[in-house]
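Please read the structure below before turning to the comments.
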Amino acid sequence: MGGRSLLEMLFQQEGLPEYPLPPGLRSMYGGGLGFQEPVLYANLVASLDGVVTVPGRAHVGSTLSAHSSADRFSMALLRACADAVVIGAGTLRDSPGSLWTAERAYPKLASEFSSLRQSLGRVAVPQLVVVTRSGDLDPSHPALRSGPLVVAPEARAGDLRGRLHGATSFLTYPGSQLDWRWLLAELKSRRLLTVLSEAGPRSTGQLIELDLLDELFLTLAPTVAGEPADGGRGGFAPGVDLLGSGAARARMLAVRRAGDHLFLRYQLQRPAQQRSPANLTM
Ligand SMILES: NC(=O)c1ccc[n+]([C@@H]2O[C@H](COP(=O)([O-])OP(=O)(O)OC[C@H]3O[C@@H](n4cnc5c(N)ncnc54)[C@H](OP(=O)(O)O)[C@@H]3O)[C@@H](O)[C@H]2O)c1
């Protein structure tokens with residue numbers, strides 16, 4: 001690993017926290033990366049016209065990013081920093097064969113990611129957290145065979161315990177609607193303080209609406225996805241009216257570039273009067 005830069009830094013806010021990245025990772029990333037903990041940060045890729053999901057198509061992120069190796073590297077580095085990676089069941093179902101680890105995203109630098117995790121005191125791979133309401137999880141999915149934490153309604157837990165791999169642990173919630181604040185507090189109580197969301201839009205919209213998402217890493221891919229007449233494609237916060245109830249404000253923290261792709265890092269916050277008093281700043 002020489003001093004090759006995969007991403008070129010165009011802007012970075014002064015004074016951001018920095019983890020001790022191995023020199024090779026730092027030069028590939030075009031500068032430092034770190035978080036003030038506890039933190040919840042999301043990583044998404046969008047087309048130029050704001051599309052993040054295409055119903056019925058697997059591995060949408062790779063399609064939208066045009067299989068960008070810089071995007072895969074950035075995804076891997078963000079995973080390498082995380083104590084836990086949270087996804088919704090929709091993302092799991094549309095990502096057959098996926099594992100939410102750094103080395104899966106960018107195998108060439110597996111040993112550098114592992115060194116970073118060791119120096120941060122992280123275990124070998126982030127804890128995968130899968131949120132479901134329906135319990136519609138395929139027990140043969142490889143990500144469900146390596147000790148995930150499945151977050152499910154109490155009413156579904158018995159069936160899931162019988163079907164899923166023995167290494168699975170469970171968190172159950174009453175009714176059918178997970179309270180994301182409760183989940184993040186549970187993760188915090190397990191010392192999972194640096195949490196990456198790789199969930200899809202339905203979860204991301206809720207996290208933003210609840211003002212739980214601290215940072216957004218958004219890869220803007222040089223793709224125009226369009227929208228067929230029967231719809232279904234869309235942005236990363238469907239189902240929540242953030243303009244009507246106080247738009248989330250984003251403060252730019254960093255901008256990187258790799259070829260025609262832009263890698264944007266924003267801090268997110270909703271106006272104070274719109275936040276619930278029960279909000280945990282996780
Ligand atoms: N462009 C990108 O960067 C990117 C990133 C991630 C995902 N995606 C794409 O997004 C698509 C999936 O979208 P999605 O919005 O369905 O993904 P998602 O948010 O990861 O999953 C949604 C599912 O999570 C569960 N869930 C979410 N909030 C819940 C709550 N409050 N209470 C109970 N359960 C809850 C439900 O599971 P059940 O279905 O079990 O009820 C829900 O259907 C996939 O095509 C994926 O590839 C794109």
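Numbering starts fresh at 1 for the residues of each chain in the structure tokens, the chains themselves are lettered A, B, ... in the order given, and ligands are numbered from 1 as they appear.
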Test item: residues at most 12 Å from A:Phe236, only C-alpha atoms, excluding those fewer than 3 positions along its chain, as a PyMOL selection string: chain A and resi 42-47+49-54+198-209+216-218+233+239-240+242
DSSP-assigned strand (DSSP E or B) members of stretch 124-185 of chain A, reported as an NGL selection string: :A and (127-131 or 149-153 or 169-173)
Dump all heavy atoms for the selected residues as a JSON list (two decimals), in the first residue's frame?
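Result file follows (again.json):
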[["chain", "number", "residue", "atom", "x", "y", "z"],
["A", 127, "GLN", "N", -21.26, -5.38, 15.09],
["A", 127, "GLN", "CA", -22.50, -6.13, 15.39],
["A", 127, "GLN", "C", -23.55, -5.75, 14.35],
["A", 127, "GLN", "O", -23.89, -4.57, 14.22],
["A", 127, "GLN", "CB", -22.99, -5.76, 16.79],
["A", 127, "GLN", "CG", -24.35, -6.32, 17.16],
["A", 127, "GLN", "CD", -24.33, -7.84, 17.28],
["A", 127, "GLN", "OE1", -23.60, -8.38, 18.10],
["A", 127, "GLN", "NE2", -25.13, -8.53, 16.46],
["A", 128, "LEU", "N", -24.07, -6.74, 13.62],
["A", 128, "LEU", "CA", -25.16, -6.45, 12.68],
["A", 128, "LEU", "C", -26.48, -6.46, 13.45],
["A", 128, "LEU", "O", -26.78, -7.40, 14.18],
["A", 128, "LEU", "CB", -25.20, -7.48, 11.56],
["A", 128, "LEU", "CG", -26.31, -7.22, 10.53],
["A", 128, "LEU", "CD1", -26.06, -5.93, 9.73],
["A", 128, "LEU", "CD2", -26.48, -8.41, 9.58],
["A", 129, "VAL", "N", -27.26, -5.40, 13.26],
["A", 129, "VAL", "CA", -28.57, -5.26, 13.92],
["A", 129, "VAL", "C", -29.62, -5.20, 12.82],
["A", 129, "VAL", "O", -29.56, -4.33, 11.94],
["A", 129, "VAL", "CB", -28.61, -3.96, 14.77],
["A", 129, "VAL", "CG1", -29.95, -3.83, 15.48],
["A", 129, "VAL", "CG2", -27.46, -3.92, 15.77],
["A", 130, "VAL", "N", -30.57, -6.14, 12.85],
["A", 130, "VAL", "CA", -31.59, -6.22, 11.79],
["A", 130, "VAL", "C", -32.95, -5.94, 12.40],
["A", 130, "VAL", "O", -33.39, -6.64, 13.33],
["A", 130, "VAL", "CB", -31.61, -7.62, 11.14],
["A", 130, "VAL", "CG1", -32.65, -7.66, 10.01],
["A", 130, "VAL", "CG2", -30.24, -7.99, 10.60],
["A", 131, "VAL", "N", -33.61, -4.91, 11.89],
["A", 131, "VAL", "CA", -34.92, -4.50, 12.41],
["A", 131, "VAL", "C", -36.01, -5.08, 11.52],
["A", 131, "VAL", "O", -35.98, -4.91, 10.30],
["A", 131, "VAL", "CB", -35.03, -2.96, 12.44],
["A", 131, "VAL", "CG1", -36.44, -2.52, 12.79],
["A", 131, "VAL", "CG2", -34.03, -2.38, 13.43],
["A", 149, "LEU", "N", -28.00, -9.38, 15.76],
["A", 149, "LEU", "CA", -29.00, -9.01, 16.77],
["A", 149, "LEU", "C", -30.26, -8.69, 15.99],
["A", 149, "LEU", "O", -30.28, -7.74, 15.20],
["A", 149, "LEU", "CB", -28.50, -7.79, 17.55],
["A", 149, "LEU", "CG", -29.46, -7.18, 18.57],
["A", 149, "LEU", "CD1", -29.80, -8.18, 19.67],
["A", 149, "LEU", "CD2", -28.83, -5.93, 19.20],
["A", 150, "VAL", "N", -31.31, -9.49, 16.18],
["A", 150, "VAL", "CA", -32.56, -9.28, 15.45],
["A", 150, "VAL", "C", -33.54, -8.57, 16.38],
["A", 150, "VAL", "O", -33.75, -9.00, 17.52],
["A", 150, "VAL", "CB", -33.12, -10.63, 14.95],
["A", 150, "VAL", "CG1", -34.54, -10.48, 14.44],
["A", 150, "VAL", "CG2", -32.22, -11.18, 13.84],
["A", 151, "VAL", "N", -34.10, -7.48, 15.87],
["A", 151, "VAL", "CA", -35.02, -6.65, 16.66],
["A", 151, "VAL", "C", -36.41, -6.87, 16.08],
["A", 151, "VAL", "O", -36.69, -6.48, 14.93],
["A", 151, "VAL", "CB", -34.61, -5.17, 16.57],
["A", 151, "VAL", "CG1", -35.49, -4.31, 17.47],
["A", 151, "VAL", "CG2", -33.14, -4.99, 16.92],
["A", 152, "ALA", "N", -37.28, -7.53, 16.85],
["A", 152, "ALA", "CA", -38.55, -8.01, 16.30],
["A", 152, "ALA", "C", -39.68, -7.80, 17.29],
["A", 152, "ALA", "O", -39.44, -7.70, 18.50],
["A", 152, "ALA", "CB", -38.43, -9.50, 15.97],
["A", 153, "PRO", "N", -40.93, -7.76, 16.79],
["A", 153, "PRO", "CA", -42.06, -7.69, 17.72],
["A", 153, "PRO", "C", -42.10, -8.94, 18.61],
["A", 153, "PRO", "O", -41.75, -10.03, 18.16],
["A", 153, "PRO", "CB", -43.29, -7.66, 16.80],
["A", 153, "PRO", "CG", -42.78, -7.29, 15.45],
["A", 153, "PRO", "CD", -41.37, -7.77, 15.39],
["A", 169, "SER", "N", -29.02, -13.29, 18.46],
["A", 169, "SER", "CA", -29.62, -12.79, 19.71],
["A", 169, "SER", "C", -30.79, -11.88, 19.34],
["A", 169, "SER", "O", -30.90, -11.42, 18.19],
["A", 169, "SER", "CB", -28.60, -12.10, 20.60],
["A", 169, "SER", "OG", -27.83, -11.21, 19.86],
["A", 170, "PHE", "N", -31.65, -11.66, 20.32],
["A", 170, "PHE", "CA", -32.92, -10.97, 20.03],
["A", 170, "PHE", "C", -33.15, -9.82, 20.99],
["A", 170, "PHE", "O", -32.79, -9.88, 22.15],
["A", 170, "PHE", "CB", -34.10, -11.95, 20.16],
["A", 170, "PHE", "CG", -34.13, -12.99, 19.08],
["A", 170, "PHE", "CD1", -33.44, -14.19, 19.24],
["A", 170, "PHE", "CD2", -34.80, -12.76, 17.89],
["A", 170, "PHE", "CE1", -33.43, -15.14, 18.24],
["A", 170, "PHE", "CE2", -34.80, -13.71, 16.89],
["A", 170, "PHE", "CZ", -34.12, -14.90, 17.05],
["A", 171, "LEU", "N", -33.78, -8.78, 20.43],
["A", 171, "LEU", "CA", -34.37, -7.72, 21.24],
["A", 171, "LEU", "C", -35.81, -7.65, 20.78],
["A", 171, "LEU", "O", -36.07, -7.59, 19.57],
["A", 171, "LEU", "CB", -33.70, -6.38, 20.90],
["A", 171, "LEU", "CG", -32.60, -5.86, 21.79],
["A", 171, "LEU", "CD1", -32.04, -4.57, 21.21],
["A", 171, "LEU", "CD2", -33.10, -5.64, 23.20],
["A", 172, "THR", "N", -36.75, -7.66, 21.70],
["A", 172, "THR", "CA", -38.15, -7.66, 21.27],
["A", 172, "THR", "C", -38.84, -6.40, 21.77],
["A", 172, "THR", "O", -38.47, -5.83, 22.80],
["A", 172, "THR", "CB", -38.90, -8.90, 21.77],
["A", 172, "THR", "OG1", -38.86, -8.92, 23.19],
["A", 172, "THR", "CG2", -38.29, -10.17, 21.21],
["A", 173, "TYR", "N", -39.83, -5.98, 20.98],
["A", 173, "TYR", "CA", -40.59, -4.78, 21.35],
["A", 173, "TYR", "C", -42.09, -5.09, 21.29],
["A", 173, "TYR", "O", -42.51, -5.96, 20.52],
["A", 173, "TYR", "CB", -40.22, -3.59, 20.44],
["A", 173, "TYR", "CG", -40.40, -3.82, 18.96],
["A", 173, "TYR", "CD1", -41.62, -3.53, 18.33],
["A", 173, "TYR", "CD2", -39.37, -4.32, 18.18],
["A", 173, "TYR", "CE1", -41.79, -3.73, 16.96],
["A", 173, "TYR", "CE2", -39.53, -4.53, 16.82],
["A", 173, "TYR", "CZ", -40.74, -4.24, 16.21],
["A", 173, "TYR", "OH", -40.90, -4.45, 14.87]]
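You can rank A:Gly24, A:Gly226, A:Gly232, A:Gly162 by their closest distance to ligand 1 using only C-alpha atoms and all ligand atoms, and at the top of that list sits A:Gly232.
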Residue with smallest distance to A:Pro38 - pool A:Arg104, A:Leu99, A:Ala84, A:Leu160, counting only C-alpha atoms: A:Ala84
Distance in Å - atom CA of A:Ser115 versus atom CA of A:Thr168: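 Atom CA of A:Thr168 lies 26.4 Å from atom CA of A:Ser115.
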Nearest to A:Leu16 by atom-to-atom distance, counting only C-alpha atoms, from A:Pro55, A:Gly88, A:Gly31, A:Pro139: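 Checking each candidate against A:Leu16, we get A:Gly31 as the closest.
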Distance criterion (only C-alpha atoms and all ligand atoms): nearest to ligand 1 out of A:Val39, A:Leu264, A:Leu164, A:Met75: A:Met75
Filtered DSSP result for stretch 28-189 of chain A, state alpha helix (DSSP H), as a PyMOL selection string: chain A and resi 28-29+60-64+69-80+89-93+102-105+110-119+154-163+180-189
Selection near A:Glu8, 12 Å with only C-alpha atoms, sequence-local residues under 4 positions removed, as JSON, numbers by chain: {"A": [4, 12, 26, 27, 28, 29, 30, 31, 32, 70, 74, 254, 255, 256, 257, 258, 259, 260, 261, 262, 263, 264]}
Top pick for closest residue to A:Leu78, considering A:Thr223, A:Ser62, A:Gln267, A:Ser197 and counting only C-alpha atoms: A:Ser197
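Here the question is which of A:Ala124, A:Ala66, A:Met252, A:Leu116 gets nearest to ligand 1 using only C-alpha atoms and all ligand atoms, and that residue is A:Ala66.
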Using only C-alpha atoms, determine which residues lie at most 8 Å from A:Asp214, disregarding the query and same-chain residues fewer than 2 positions distant; provide the list as a PDB file with N, CA, C and O atoms, in the first residue's frame.
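The result, written out as selection33.pdb:
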ATOM      1  N   VAL A  39     -22.556   8.170  18.510  1.00  0.00           N
ATOM      2  CA  VAL A  39     -22.947   8.766  17.229  1.00  0.00           C
ATOM      3  C   VAL A  39     -23.747   7.742  16.415  1.00  0.00           C
ATOM      4  O   VAL A  39     -23.513   6.537  16.500  1.00  0.00           O
ATOM      5  N   LEU A  40     -24.711   8.265  15.666  1.00  0.00           N
ATOM      6  CA  LEU A  40     -25.412   7.458  14.660  1.00  0.00           C
ATOM      7  C   LEU A  40     -25.187   8.151  13.320  1.00  0.00           C
ATOM      8  O   LEU A  40     -25.560   9.322  13.144  1.00  0.00           O
ATOM      9  N   TYR A  41     -24.539   7.447  12.389  1.00  0.00           N
ATOM     10  CA  TYR A  41     -24.284   8.015  11.066  1.00  0.00           C
ATOM     11  C   TYR A  41     -24.788   7.048  10.010  1.00  0.00           C
ATOM     12  O   TYR A  41     -24.723   5.829  10.177  1.00  0.00           O
ATOM     13  N   ASP A 211     -34.979  13.001  14.660  1.00  0.00           N
ATOM     14  CA  ASP A 211     -33.744  13.732  14.972  1.00  0.00           C
ATOM     15  C   ASP A 211     -32.714  12.838  15.667  1.00  0.00           C
ATOM     16  O   ASP A 211     -31.993  13.275  16.566  1.00  0.00           O
ATOM     17  N   LEU A 212     -32.675  11.583  15.257  1.00  0.00           N
ATOM     18  CA  LEU A 212     -31.729  10.637  15.849  1.00  0.00           C
ATOM     19  C   LEU A 212     -30.460  10.493  15.014  1.00  0.00           C
ATOM     20  O   LEU A 212     -29.452  10.010  15.501  1.00  0.00           O
ATOM     21  N   LEU A 216     -24.823  12.216   8.005  1.00  0.00           N
ATOM     22  CA  LEU A 216     -25.174  11.534   6.759  1.00  0.00           C
ATOM     23  C   LEU A 216     -23.961  11.552   5.830  1.00  0.00           C
ATOM     24  O   LEU A 216     -23.415  12.623   5.557  1.00  0.00           O
ATOM     25  N   GLN A 267     -23.601  17.025   8.818  1.00  0.00           N
ATOM     26  CA  GLN A 267     -24.191  16.882  10.149  1.00  0.00           C
ATOM     27  C   GLN A 267     -25.665  17.252  10.022  1.00  0.00           C
ATOM     28  O   GLN A 267     -25.986  18.248   9.362  1.00  0.00           O
ATOM     29  N   LEU A 268     -26.533  16.469  10.607  1.00  0.00           N
ATOM     30  CA  LEU A 268     -27.974  16.731  10.484  1.00  0.00           C
ATOM     31  C   LEU A 268     -28.553  17.194  11.805  1.00  0.00           C
ATOM     32  O   LEU A 268     -28.196  16.680  12.861  1.00  0.00           O
ATOM     33  N   GLN A 269     -29.469  18.133  11.714  1.00  0.00           N
ATOM     34  CA  GLN A 269     -30.227  18.495  12.916  1.00  0.00           C
ATOM     35  C   GLN A 269     -31.544  19.112  12.517  1.00  0.00           C
ATOM     36  O   GLN A 269     -31.596  19.917  11.587  1.00  0.00           O
ATOM     37  N   MET A 282     -28.218  10.304  20.512  1.00  0.00           N
ATOM     38  CA  MET A 282     -27.401   9.101  20.355  1.00  0.00           C
ATOM     39  C   MET A 282     -26.514   9.247  19.149  1.00  0.00           C
ATOM     40  O   MET A 282     -26.919   9.713  18.134  1.00  0.00           O
TER      41      MET A 282
END
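The interatomic distance for the pair atom 35 (C, counted along the ligand's line) of ligand 1 and atom CA of A:Arg133 works out to 5.2 Å.
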